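Enquirer: So I've got this file, model22.txt, and it contains compact mmCIF, C-alpha atoms and all ligand atoms:
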```
# COMPACT_ATOMS: atom_id res chain seq x y z
CA MET Y 1 -13.24 -5.25 14.54
CA ARG Y 2 -16.49 -4.14 12.91
CA ILE Y 3 -16.85 -5.21 9.27
CA PHE Y 4 -19.14 -3.34 6.88
CA HIS Y 5 -19.48 -5.16 3.56
CA PHE Y 6 -21.32 -3.46 0.66
CA ASP Y 7 -22.19 -4.69 -2.82
CA GLU Y 8 -21.28 -1.28 -4.19
CA LEU Y 9 -19.91 2.01 -2.87
CA GLY Y 10 -18.41 5.14 -4.43
CA SER Y 11 -15.24 4.58 -2.48
CA THR Y 12 -14.60 2.66 0.74
CA SER Y 13 -12.18 5.39 1.86
CA ASP Y 14 -14.74 8.15 1.23
CA TYR Y 15 -17.34 6.14 3.13
CA LEU Y 16 -15.09 5.97 6.20
CA LYS Y 17 -14.03 9.60 5.89
CA GLU Y 18 -17.65 10.65 6.11
CA LYS Y 19 -18.70 8.10 8.74
CA LYS Y 20 -19.47 9.94 11.97
CA ASP Y 21 -19.11 7.16 14.56
CA LYS Y 22 -15.96 5.53 13.27
CA LYS Y 23 -13.85 3.42 15.56
CA GLU Y 24 -10.34 2.07 15.29
CA TRP Y 25 -10.16 -1.03 13.05
CA ASP Y 26 -13.54 -0.41 11.39
CA LEU Y 27 -13.21 -2.23 8.09
CA VAL Y 28 -15.24 -1.33 5.01
CA ILE Y 29 -15.29 -3.66 2.01
CA ALA Y 30 -17.03 -3.06 -1.33
CA ASP Y 31 -17.51 -5.64 -4.08
CA VAL Y 32 -17.42 -2.80 -6.62
CA GLN Y 33 -16.52 0.90 -6.36
CA THR Y 34 -17.96 3.51 -8.69
CA SER Y 35 -15.46 6.29 -7.81
CA GLY Y 36 -12.42 4.41 -6.52
CA ARG Y 37 -9.51 6.75 -5.91
CA GLY Y 38 -5.80 6.14 -6.28
CA ARG Y 39 -2.92 8.32 -5.18
CA ARG Y 40 -2.30 11.72 -6.83
CA GLY Y 41 -5.99 12.01 -7.74
CA ASN Y 42 -5.92 9.01 -10.09
CA LEU Y 43 -8.94 6.87 -10.68
CA TRP Y 44 -8.73 3.36 -9.26
CA VAL Y 45 -10.60 0.94 -11.50
CA SER Y 46 -12.65 -1.17 -9.12
CA PRO Y 47 -14.43 -4.09 -10.81
CA ALA Y 48 -16.06 -7.14 -9.23
CA GLY Y 49 -13.50 -9.70 -8.12
CA ALA Y 50 -11.01 -7.09 -6.89
CA GLY Y 51 -10.23 -6.64 -3.19
CA LEU Y 52 -11.41 -3.13 -2.30
CA PHE Y 53 -11.28 -2.10 1.33
CA SER Y 54 -10.40 0.60 3.82
CA PHE Y 55 -9.86 0.58 7.55
CA VAL Y 56 -9.45 3.05 10.37
CA LEU Y 57 -6.43 3.66 12.54
CA LYS Y 58 -6.86 6.09 15.41
CA GLU Y 59 -4.07 8.62 15.80
CA ASP Y 60 -2.00 7.91 18.89
CA PRO Y 61 -0.90 11.24 20.43
CA ASN Y 62 2.30 9.55 21.61
CA LEU Y 63 3.44 9.03 18.03
CA SER Y 64 4.94 11.90 16.07
CA MET Y 65 4.04 12.75 12.47
CA GLU Y 66 7.53 11.64 11.53
CA GLU Y 67 6.74 8.22 12.96
CA TYR Y 68 3.41 8.18 11.12
CA SER Y 69 5.22 9.02 7.87
CA LYS Y 70 6.34 5.36 7.84
CA LEU Y 71 2.76 4.07 8.04
CA PRO Y 72 2.50 3.63 4.22
CA LEU Y 73 5.73 1.62 4.21
CA VAL Y 74 4.67 -0.59 7.13
CA ALA Y 75 1.26 -1.09 5.48
CA GLY Y 76 2.96 -2.04 2.20
CA MET Y 77 5.15 -4.67 3.84
CA ALA Y 78 2.19 -6.04 5.83
CA LEU Y 79 0.22 -6.29 2.60
CA LEU Y 80 3.06 -8.17 0.91
CA GLN Y 81 3.31 -10.67 3.77
CA GLY Y 82 -0.48 -11.04 3.91
CA LEU Y 83 -0.53 -11.84 0.20
CA LYS Y 84 2.20 -14.42 0.73
CA ALA Y 85 -0.02 -16.14 3.28
CA VAL Y 86 -2.80 -16.29 0.67
CA VAL Y 87 -0.60 -17.57 -2.12
CA GLU Y 88 3.18 -17.79 -2.11
CA LEU Y 89 4.39 -15.75 -5.11
CA ASP Y 90 7.41 -13.53 -5.73
CA TYR Y 91 5.88 -10.20 -4.69
CA LYS Y 92 7.98 -7.03 -4.75
CA PHE Y 93 7.62 -3.87 -2.75
CA LYS Y 94 7.63 -0.78 -4.96
CA TRP Y 95 8.43 2.28 -2.84
CA THR Y 96 6.42 3.91 -1.39
CA ASN Y 97 3.75 1.26 -1.04
CA ASP Y 98 2.74 -0.62 -4.19
CA ILE Y 99 3.00 -4.35 -4.58
CA TYR Y 100 4.34 -5.60 -7.88
CA LEU Y 101 4.26 -9.08 -9.33
CA LEU Y 102 6.04 -10.06 -12.56
CA ASP Y 103 6.82 -6.36 -13.20
CA LYS Y 104 3.16 -5.38 -13.02
CA LYS Y 105 1.09 -3.63 -10.40
CA LEU Y 106 -0.94 -6.00 -8.23
CA SER Y 107 -1.96 -3.68 -5.44
CA GLY Y 108 -1.89 -0.08 -4.25
CA ILE Y 109 -2.41 1.72 -0.96
CA LEU Y 110 -3.83 5.15 -0.24
CA VAL Y 111 -3.26 6.53 3.26
CA GLU Y 112 -5.21 9.65 4.23
CA LYS Y 113 -5.61 11.60 7.46
CA VAL Y 114 -9.03 12.80 8.54
CA GLY Y 115 -9.15 14.57 11.90
CA ASP Y 116 -7.44 12.26 14.35
CA PHE Y 117 -7.90 9.17 12.20
CA PHE Y 118 -5.87 7.63 9.44
CA ILE Y 119 -7.84 5.89 6.71
CA VAL Y 120 -5.87 3.17 4.97
CA GLY Y 121 -7.42 2.19 1.63
CA ILE Y 122 -6.15 -0.86 -0.25
CA GLY Y 123 -6.98 -2.11 -3.73
CA ILE Y 124 -5.80 -5.56 -4.82
CA ASN Y 125 -6.35 -7.20 -8.16
CA ILE Y 126 -7.50 -10.60 -6.92
CA ASN Y 127 -9.89 -12.32 -9.36
CA ASN Y 128 -10.48 -9.45 -11.81
CA SER Y 129 -9.03 -9.48 -15.30
CA ASN Y 130 -9.55 -5.82 -16.26
CA PHE Y 131 -7.01 -3.25 -15.16
CA LEU Y 132 -7.93 -0.08 -16.97
CA GLY Y 133 -6.80 3.45 -16.20
CA GLU Y 134 -3.97 3.68 -13.73
CA SER Y 135 -3.69 -0.07 -13.44
CA LYS Y 136 -3.31 -0.70 -17.17
CA ASN Y 137 0.03 -2.23 -16.32
CA GLY Y 138 -1.82 -4.45 -13.90
CA ILE Y 139 -1.92 -8.10 -12.95
CA SER Y 140 -4.21 -10.11 -10.69
CA LEU Y 141 -3.64 -13.19 -8.55
CA LYS Y 142 -6.07 -15.17 -10.70
CA SER Y 143 -4.37 -14.13 -13.94
CA VAL Y 144 -1.13 -15.64 -12.59
CA THR Y 145 -2.25 -18.80 -10.82
CA GLY Y 146 -5.55 -19.53 -12.60
CA ASP Y 147 -7.18 -19.97 -9.17
CA LYS Y 148 -10.08 -17.96 -7.77
CA TYR Y 149 -9.71 -16.52 -4.26
CA GLU Y 150 -12.32 -15.77 -1.61
CA VAL Y 151 -12.13 -11.98 -1.43
CA GLU Y 152 -13.35 -11.29 2.12
CA ASN Y 153 -11.13 -14.02 3.52
CA THR Y 154 -8.13 -12.59 1.65
CA ILE Y 155 -8.88 -9.16 3.13
CA LYS Y 156 -9.09 -10.62 6.66
CA ILE Y 157 -5.70 -12.29 6.24
CA ILE Y 158 -4.22 -8.94 5.16
CA MET Y 159 -5.85 -7.17 8.12
CA ASN Y 160 -4.27 -9.69 10.51
CA SER Y 161 -0.93 -9.15 8.86
CA PHE Y 162 -1.31 -5.37 9.16
CA LYS Y 163 -2.15 -5.61 12.88
CA LYS Y 164 0.88 -7.80 13.43
CA TYR Y 165 3.19 -5.40 11.59
CA TRP Y 166 1.73 -2.29 13.21
CA ASN Y 167 2.28 -3.84 16.65
CA ARG Y 168 5.84 -4.67 15.72
CA TYR Y 169 6.36 -1.08 14.56
CA LEU Y 170 4.92 0.26 17.83
CA ARG Y 171 7.23 -2.09 19.76
CA GLY Y 172 10.20 -0.44 18.04
CA GLU Y 173 10.94 -3.03 15.33
CA TRP Y 174 11.26 -0.52 12.48
CA ASN Y 175 14.81 -1.62 11.67
CA GLU Y 176 13.72 -5.23 11.16
CA ILE Y 177 10.70 -4.17 9.07
CA LEU Y 178 12.93 -1.90 6.98
CA ARG Y 179 15.29 -4.81 6.38
CA GLU Y 180 12.37 -6.88 5.08
CA ILE Y 181 11.28 -3.98 2.86
CA ASN Y 182 14.76 -3.66 1.40
CA GLN Y 183 14.87 -7.40 0.70
CA LYS Y 184 11.79 -6.94 -1.51
CA ASN Y 185 12.77 -3.54 -2.95
CA TYR Y 186 11.53 -3.53 -6.56
CA LEU Y 187 13.43 -0.33 -7.40
CA LEU Y 188 16.83 -1.61 -6.31
CA ASN Y 189 19.35 -1.15 -9.15
CA ARG Y 190 16.66 -0.20 -11.66
CA LYS Y 191 16.79 2.78 -13.98
CA ILE Y 192 14.07 5.08 -12.76
CA GLU Y 193 12.77 8.60 -13.06
CA VAL Y 194 11.35 10.29 -9.97
CA GLU Y 195 8.80 13.01 -10.61
CA PHE Y 196 8.15 15.46 -7.82
CA LEU Y 197 6.42 18.83 -8.14
CA GLY Y 198 6.82 18.68 -11.92
CA LYS Y 199 10.58 18.08 -11.68
CA LYS Y 200 11.97 14.84 -13.09
CA THR Y 201 15.16 13.25 -11.78
CA SER Y 202 16.73 10.24 -13.51
CA GLY Y 203 18.94 7.76 -11.81
CA ILE Y 204 19.33 4.28 -10.40
CA GLY Y 205 17.07 3.21 -7.54
CA ARG Y 206 18.99 2.23 -4.42
CA LYS Y 207 17.93 1.36 -0.88
CA ILE Y 208 15.14 2.67 1.31
CA LEU Y 209 16.65 4.57 4.20
CA LYS Y 210 15.90 4.60 7.91
CA ASP Y 211 13.75 7.71 7.59
CA GLY Y 212 11.69 6.06 4.82
CA LYS Y 213 13.29 8.01 1.99
CA LEU Y 214 14.35 6.39 -1.29
CA GLU Y 215 17.97 6.77 -2.26
CA VAL Y 216 18.57 7.46 -5.96
CA GLU Y 217 21.98 7.57 -7.58
CA THR Y 218 21.97 10.35 -10.16
CA ALA Y 219 24.62 11.92 -12.40
CA ASP Y 220 24.91 14.64 -9.71
CA GLY Y 221 25.42 12.19 -6.87
CA ILE Y 222 23.11 10.48 -4.40
CA LYS Y 223 19.73 12.11 -3.85
CA GLU Y 224 17.02 11.20 -1.34
CA PHE Y 225 13.28 11.39 -1.93
CA MET Y 226 10.50 11.38 0.62
CA VAL Y 227 7.73 11.45 -1.98
CA GLY Y 228 7.57 11.25 -5.74
CA GLU Y 229 6.05 9.37 -8.62
CA ILE Y 230 8.31 6.64 -9.93
CA HIS Y 231 8.59 5.79 -13.61
CA ILE Y 232 10.56 2.69 -14.50
CA LYS Y 233 12.91 3.15 -17.45
CA LEU Y 234 13.70 0.17 -19.60
C1 LIG N 301 -2.77 3.74 -5.64
O1 LIG N 301 -1.98 2.85 -5.94
O2 LIG N 301 -2.84 4.78 -6.29
C2 LIG N 301 -3.67 3.54 -4.44
C3 LIG N 301 -4.92 2.79 -4.80
C4 LIG N 301 -5.85 2.63 -3.63
C5 LIG N 301 -7.19 2.06 -4.05
C6 LIG N 301 -8.06 1.66 -2.87
S1 LIG N 301 -9.42 0.68 -3.37
C7 LIG N 301 -10.12 0.81 -1.77
C8 LIG N 301 -9.89 2.24 -1.31
N1 LIG N 301 -10.95 3.10 -1.79
C9 LIG N 301 -10.53 4.00 -2.69
O3 LIG N 301 -11.25 4.84 -3.26
N2 LIG N 301 -9.22 3.86 -2.89
C10 LIG N 301 -8.65 2.80 -2.06
```
What's the structure tokens form of this structure?

Expert:
Amino acid sequence: MRIFHFDELGSTSDYLKEKKDKKEWDLVIADVQTSGRGRRGNLWVSPAGAGLFSFVLKEDPNLSMEEYSKLPLVAGMALLQGLKAVVELDYKFKWTNDIYLLDKKLSGILVEKVGDFFIVGIGININNSNFLGESKNGISLKSVTGDKYEVENTIKIIMNSFKKYWNRYLRGEWNEILREINQKNYLLNRKIEVEFLGKKTSGIGRKILKDGKLEVETADGIKEFMVGEIHIKL
């Protein structure tokens, strides 16, 4: 695994997208990002002390796009387990792939496809105490435990966890991984609103299904979502 560590970059994912000679597992880390990107075109506030990294997965022609559609979920569960190995806290998995801690966002994942590569970008609030913009409802490891964590080491632990989970997925262990995801399902039995293509659907979050969709119980019966922005209702 080649590791490229920069003091500052626009975005680790953009760097890898543009990199000509990228190889599987190339890992790019930045101490600070000046144009960090979140999902749905959001800005990802990327101050010093945060874990900001992206890595490359080469598309395997033997895997279908339907199988790749579970990559964000597998990455999310691998991230949760990796974080547990760093410090044992009660992390939750917020479908599709955010990690929540004490009802606040700790980490987010952005998966993008460029040619025959997938770029997986991960932002984790590790030692930082500012969570502006999208992460205004944020929390960091340090703000919870008071301890400071070694950022590159934390990222390596998460990479190892991802490799382990991805191998399990390739070996056909999706059912077991899905069970783990459902055990940590933050949306289970919560009042939520799912926004998709400007349409908002209210209901109660239920389980994550075998095809990766989220089940939502609405006034019109059970609905399933493959994508959508989730708003928690109190
Ligand atoms: C989200 O929750 O919206 C996803 C956030 C992903 C942020 C990470 S930080 C490292 C990588 N580089 C980026 O520009 N974005 C991802």

Enquirer: Step by step, measure atom-to-atom distances between ligand LIG 301 (chain N) and each residue using all atoms listed in the file, keep those at most 6 Å, then write them as a ChimeraX atom specification.

Expert: /Y:11-13,36-39,44,52-54,108-110,121-123

Enquirer: Can you tell me how far CA of Asp103 (chain Y) sits from CA of Leu27 (chain Y), in Å to one decimal?

Expert: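 Interatomic distance, CA of Asp103 (chain Y) to CA of Leu27 (chain Y): 29.5 Å.
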
Enquirer: With distances taken over all atoms listed in the file, which of Y:Tyr149, Y:Tyr186, Y:Tyr68, Y:Tyr165 is nearest to Ile99 (chain Y)?

Expert: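 Closest candidate: Y:Tyr186.
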
Enquirer: Any idea what's packed within 12 Å of Arg168 (chain Y), counting all atoms listed in the file, ignoring anything in its chain fewer than 5 positions away? Could you give it as a list in words?

Expert: Val74, Ala75, Met77, Ala78, Ser161, Phe162, Lys163, Glu173, Trp174, Asn175, Glu176, Ile177 and Leu178 of chain Y

Enquirer: Padding 3 Å on every side, please: axis-aligned box over the listed atoms of region 40-53 of chain Y, centre and edge lengths to one decimal in Å, as AutoDock Vina command-line options.

Expert:
```
--center_x -9.2 --center_y 1.2 --center_z -5.1 --size_x 19.8 --size_y 27.7 --size_z 18.8
```

Enquirer: Quick one: distance from CA of Thr96 (chain Y) to CA of Phe6 (chain Y) in Å, one decimal?

Expert: 28.8 Å

Enquirer: Can you work out the spacing between CA of Leu197 (chain Y) and CA of Val216 (chain Y) in Å, to one decimal?

Expert: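 Result for CA of Leu197 (chain Y) versus CA of Val216 (chain Y): 16.8 Å, one decimal.
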
Enquirer: Which residue, Y:Ile139, Y:Met226, Y:Ile158, Y:Val114, has the smallest gap to Lys17 (chain Y) when you use all atoms listed in the file?

Expert: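 Checking each candidate against Lys17 (chain Y), we get Y:Val114 as the closest.
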
Enquirer: Pick from Y:Lys94, Y:Lys156, Y:Lys233, Y:Lys210: nearest to Lys184 (chain Y), with only C-alpha atoms counted?

Expert: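 Of Y:Lys94, Y:Lys156, Y:Lys233, Y:Lys210, the one nearest Lys184 (chain Y) is Y:Lys94, counting only C-alpha atoms.
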
Enquirer: For Val227 (chain Y), which residue out of Y:Ile155, Y:Lys191, Y:Pro72, Y:Ser107 is the nearest one, using only C-alpha atoms?

Expert: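 Closest to Val227 (chain Y), using only C-alpha atoms: Y:Pro72.
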
Enquirer: Taking all atoms listed in the file into account, name the residue in Y:Leu234, Y:Glu217, Y:Ile192, Y:Gly212 that is nearest to Glu66 (chain Y).

Expert: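 For Glu66 (chain Y), the nearest of the candidates is Y:Gly212.
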
Enquirer: Show me, as a list in words, the residues that have an atom within 12 Å of Glu150 (chain Y) when counting all atoms listed in the file, minus same-chain residues fewer than 6 positions from it.

Expert: Asp31, Gly49, Ala50, Gly51, Val86, Val87, Ile126, Asn127, Leu141, Lys142, Lys156 and Ile157 of chain Y

Enquirer: Find the residues near Ala219 (chain Y): any atom within 12 Å, counting only C-alpha atoms, skip ones fewer than 2 places away on the same chain, and give them as number ranges by chain.

Expert: Y: 201-204, 216-217, 221-223

Enquirer: Counting all atoms listed in the file, which residue out of Y:Gly41, Y:Lys105, Y:Ser46, Y:Val194 sits closest to Asn130 (chain Y)?

Expert: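 Nearest to Asn130 (chain Y): Y:Ser46.
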